[in-house]
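> Dropping a structure here in structure tokens format, bear with me for questions.
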Amino acid sequence: MELVTLRAQIDALDEEILRLLNERAKLVAQVATLKERLDIPFYVPSREREIIERLTARNSGPFPSEALRPVFQEIFSACLSLEKRVQVAYLGPEATFTHMAVKRQFGLSARTIPVGTIAGVFEEVERGSADFGVVPIENSTEGVVNHTLDTFMETEANISAEILLEVTQCLLCKPGLESGQIERVYSHPQALAQCRRWLAANLPGVTVVEAASTAEAARLARDDSRGAAIASEMAARVYDLLVLRRKIEDLALNVTRFLVIGKKQADRTGADKTSLLLALRDEPGILYRVLGPFAEAGINMTKIESRPSRRKPWEYVFFVDVDGHQSDQPLAQAIAGLSGACESLKVLGSYPKAEKL
């Protein structure tokens, strides 16, 4: 009888939660009408972050604080679909780590559009076929994704947000195949590099085959009686494979950073990051002159990466990440001070820093 009573109380609370969710949805519908009238962006990641931080600070338990984000992410996603169903292009196919990053940022109610190339993701956003795009930018083990950096030289899209995703690589195979029978291992070059030592120690002599994505690797392994794939657990579910081994990445904390690209600038949150693209003059000490204004303003530079400009041989551009929003006075002054040292300067976007893992 005590168990029946407790379950009845839980059922009543579930119904109250449902009632409150619908009350929230009605208010969101009113917000949508105002946003459309005022031409205000529908998706505002800074607002979602502010809500989660406020609720986390007020949470007295026993509901775990780390569970608040995924729960409310789905509430945000479902309510946002009442305003406008957000369309998100991403580097596909389904079950890639980029797809997982989309789900983490936008929830299950967003309409996802898998695209075969990074440049194609940018094109979907620029044409208006997608509201946002998600692309990988760097991995903590293997460094930057050069295709993404290079595409920023040619696009007018803005960086709207960043996503950090802990990447756990798994060895996948068809049911019945044992590790000693594996002759080929398929995966994306980045994933193969992340598991280089594990492969050498556990599957010496197998043929390594590069694939366009980890999800494509899973598809290839599904069709190969002696093949396996390095991919996500999500890919195992999608392609009907078994997880033979989990966590085979060489470094314990293997994190990939993704960028959300869109057409509009993100609002200031007070915990922001700004990305810049600099083409420098060919002069002695030019990099020192570029970095000087940031140091003088006390601005922390978190990343600098060079890439060939592709305009003429041995000419390079620099991608720079700094703390702060471009509307902050110290950063705005520092950016203005760069003009004399740069042939061109492009602010790729100011956006909220991702939550640390």
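Each chain in the structure tokens gets a letter, A, B, ..., in the order shown, and its residues are numbered from 1; ligands are numbered from 1 in order too.
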DSSP on the backbone, helix (DSSP H, G or I) only: what residues of region 17-232 of chain A does that give? Format it as a PyMOL selection string.
chain A and resi 17-38+45-58+65-83+97-106+118-127+146-152+179-181+189-194+196-202+214-222
> Quick one: residues within 10 Å of region 233-242 of chain A, only C-alpha atoms counted, chain neighbours fewer than 2 positions away excluded, as a PyMOL selection string?
chain A and resi 94-97+99-100+168-177+214-223+228-231+244-246
> If you run DSSP on the backbone, which residues of region 14-141 of chain A are strand (DSSP E or B), as a list of chain:residue names?
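Written out, the strand (DSSP E or B) residues of region 14-141 of chain A are A:Gln87, A:Val88, A:Ala89, A:Tyr90, A:Leu91, A:Arg111, A:Thr112, A:Ile113, A:Pro114, A:Val115, A:Phe132, A:Gly133, A:Val134, A:Val135, A:Pro136, A:Ile137, A:Glu138, A:Asn139.
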> Within 9 Å of Leu80 (chain A), counting only C-alpha atoms, which residues qualify if same-chain residues fewer than 2 places away don't, as a list in words?
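Selected residues are Ala25, Val28, Ala29, Ala32, Phe42, Tyr43, Ile75, Phe76, Ser77, Ala78, Leu82, Glu83, Lys84, Arg85, Val86, Ser109 and Ala110 of chain A.
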> Once you have the residues from the selection above, write them out as a PDB file, in the first residue's frame, restricted to C-alpha atoms.

ATOM      1  CA  ALA A  25       4.540  26.495 -24.318  1.00  0.00           C
ATOM      2  CA  VAL A  28       6.571  30.777 -25.790  1.00  0.00           C
ATOM      3  CA  ALA A  29       3.911  31.091 -28.495  1.00  0.00           C
ATOM      4  CA  ALA A  32       7.126  34.015 -30.979  1.00  0.00           C
ATOM      5  CA  PHE A  42      14.133  33.080 -32.707  1.00  0.00           C
ATOM      6  CA  TYR A  43      17.118  31.080 -31.444  1.00  0.00           C
ATOM      7  CA  ILE A  75      12.218  21.598 -23.256  1.00  0.00           C
ATOM      8  CA  PHE A  76      13.918  24.489 -25.092  1.00  0.00           C
ATOM      9  CA  SER A  77      14.009  22.492 -28.314  1.00  0.00           C
ATOM     10  CA  ALA A  78      10.331  21.490 -28.155  1.00  0.00           C
ATOM     11  CA  LEU A  82       6.426  26.155 -31.617  1.00  0.00           C
ATOM     12  CA  GLU A  83       8.098  29.460 -32.594  1.00  0.00           C
ATOM     13  CA  LYS A  84       9.880  28.117 -35.623  1.00  0.00           C
ATOM     14  CA  ARG A  85      11.247  24.658 -36.248  1.00  0.00           C
ATOM     15  CA  VAL A  86      14.971  25.344 -36.443  1.00  0.00           C
ATOM     16  CA  SER A 109      12.985  18.817 -32.077  1.00  0.00           C
ATOM     17  CA  ALA A 110      15.344  20.588 -34.474  1.00  0.00           C
TER      18      ALA A 110
END
> Quick one, how far is CA of Tyr186 (chain A) from CA of Asp250 (chain A)?
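Straight-line distance from CA of Tyr186 (chain A) to CA of Asp250 (chain A) works out to 17.1 Å.
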> Residues at most 8 Å from region 208-210 of chain A, counting only C-alpha atoms, excluding those fewer than 4 positions away in the same chain, as a PyMOL selection string?
chain A and resi 184-189+217
> Just the residues within 7 Å of region 320-326 of chain A, please, counting only C-alpha atoms, with nothing from its chain fewer than 4 positions along; format it as a list in words.
Arg268, Ala271, Asp272, Lys273, Thr274, Ser275, Leu276, Leu277, Ile299, Asn300, Met301, Thr302, Lys303, Ile304, Glu305, Leu331, Ala332 and Ser350 of chain A
> Those same residues - C-alpha atoms - I'd like them written as a short mmCIF file (atom, residue, chain, number, x, y, z; two decimals), in the first residue's frame.

data_model
loop_
_atom_site.label_atom_id
_atom_site.label_comp_id
_atom_site.auth_asym_id
_atom_site.auth_seq_id
_atom_site.Cartn_x
_atom_site.Cartn_y
_atom_site.Cartn_z
CA ARG A 268 26.86 39.49 -25.39
CA ALA A 271 31.41 34.99 -20.84
CA ASP A 272 32.22 35.27 -24.53
CA LYS A 273 34.86 34.47 -27.09
CA THR A 274 35.68 36.28 -30.35
CA SER A 275 37.25 34.71 -33.44
CA LEU A 276 39.21 36.81 -35.96
CA LEU A 277 40.70 36.20 -39.40
CA ILE A 299 43.03 40.49 -23.40
CA ASN A 300 43.68 36.77 -23.20
CA MET A 301 44.46 35.12 -26.55
CA THR A 302 43.38 31.47 -26.42
CA LYS A 303 44.36 30.36 -29.93
CA ILE A 304 46.39 31.38 -32.97
CA GLU A 305 46.61 29.24 -36.11
CA LEU A 331 38.46 44.39 -27.26
CA ALA A 332 36.88 46.88 -29.66
CA SER A 350 31.56 36.82 -30.93
#
> Could you check how far CA of Val44 (chain A) sits from CA of Asp267 (chain A), in Å to one decimal?
7.8 Å
> For Asp224 (chain A), which of A:Leu348, A:Val102, A:Ile182, A:Leu3 is the closest residue, counting only C-alpha atoms?
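Of A:Leu348, A:Val102, A:Ile182, A:Leu3, the one nearest Asp224 (chain A), counting only C-alpha atoms, is A:Ile182.
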> Nearest to Phe132 (chain A): which of A:Tyr90, A:Phe152, A:Tyr316, A:Trp198 is it, counting only C-alpha atoms?
A:Tyr90
> Using only C-alpha atoms for the distances, tell me which of A:Gln73, A:Thr151, A:Thr117, A:Gln9 is nearest to Arg104 (chain A).
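Smallest distance to Arg104 (chain A) is found for A:Gln73.
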> Please identify all polymer residues within 7 Å of Asn139 (chain A), counting only C-alpha atoms, omitting same-chain residues fewer than 6 positions from it, and present them as an MDAnalysis selection string.
chainID A and resid 255:257
> Could you save the residues just selected, with N, CA and C atoms, as a CSV table (one decimal), in the first residue's frame?

chain,number,residue,atom,x,y,z
A,255,VAL,N,38.4,15.4,-26.6
A,255,VAL,CA,37.3,16.4,-26.8
A,255,VAL,C,37.4,17.0,-28.2
A,256,THR,N,36.3,17.1,-28.8
A,256,THR,CA,36.2,17.9,-30.1
A,256,THR,C,35.3,19.1,-29.9
A,257,ARG,N,35.8,20.2,-30.5
A,257,ARG,CA,35.1,21.5,-30.5
A,257,ARG,C,34.5,21.7,-31.8
> Skip region 161-166 of chain A itself and residues of its chain fewer than 4 positions away, then list as a list in words all residues within 8 Å of it, counting only C-alpha atoms.
Pro45, Ala101, Gln105, Leu253, Asn254, Val255, Thr256, Arg257, Phe258, Leu259, Val260, Ile261, Ala266, Tyr351, Pro352, Lys353, Ala354, Glu355, Lys356 and Leu357 of chain A
> Would you save the residues from that selection as a CSV table (one decimal), in the first residue's frame, using C-alpha atoms?

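Dumped everything to selection_22.csv:
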chain,number,residue,atom,x,y,z
A,45,PRO,CA,21.7,30.5,-27.2
A,101,ALA,CA,26.9,17.8,-31.3
A,105,GLN,CA,23.0,22.0,-28.7
A,253,LEU,CA,40.0,13.1,-22.3
A,254,ASN,CA,39.4,13.3,-26.0
A,255,VAL,CA,37.3,16.4,-26.8
A,256,THR,CA,36.2,17.9,-30.1
A,257,ARG,CA,35.1,21.5,-30.5
A,258,PHE,CA,32.4,22.3,-32.9
A,259,LEU,CA,31.2,25.7,-34.2
A,260,VAL,CA,27.6,26.8,-34.8
A,261,ILE,CA,27.5,29.1,-37.8
A,266,ALA,CA,25.3,36.4,-31.0
A,351,TYR,CA,29.7,34.0,-29.1
A,352,PRO,CA,29.2,32.4,-25.7
A,353,LYS,CA,32.0,30.2,-24.5
A,354,ALA,CA,31.0,26.5,-24.4
A,355,GLU,CA,30.4,24.9,-21.0
A,356,LYS,CA,33.5,23.1,-19.8
A,357,LEU,CA,33.3,19.3,-19.7
> Could you state the separation of CA of Glu343 (chain A) and CA of Glu156 (chain A) in Å, given to one decimal place?
17.8 Å
> With distances taken over only C-alpha atoms, which residue among A:Gly340, A:Gly270, A:Leu91, A:Val134 lies nearest Glu50 (chain A)?
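Under the stated criterion, the closest residue is A:Gly270.
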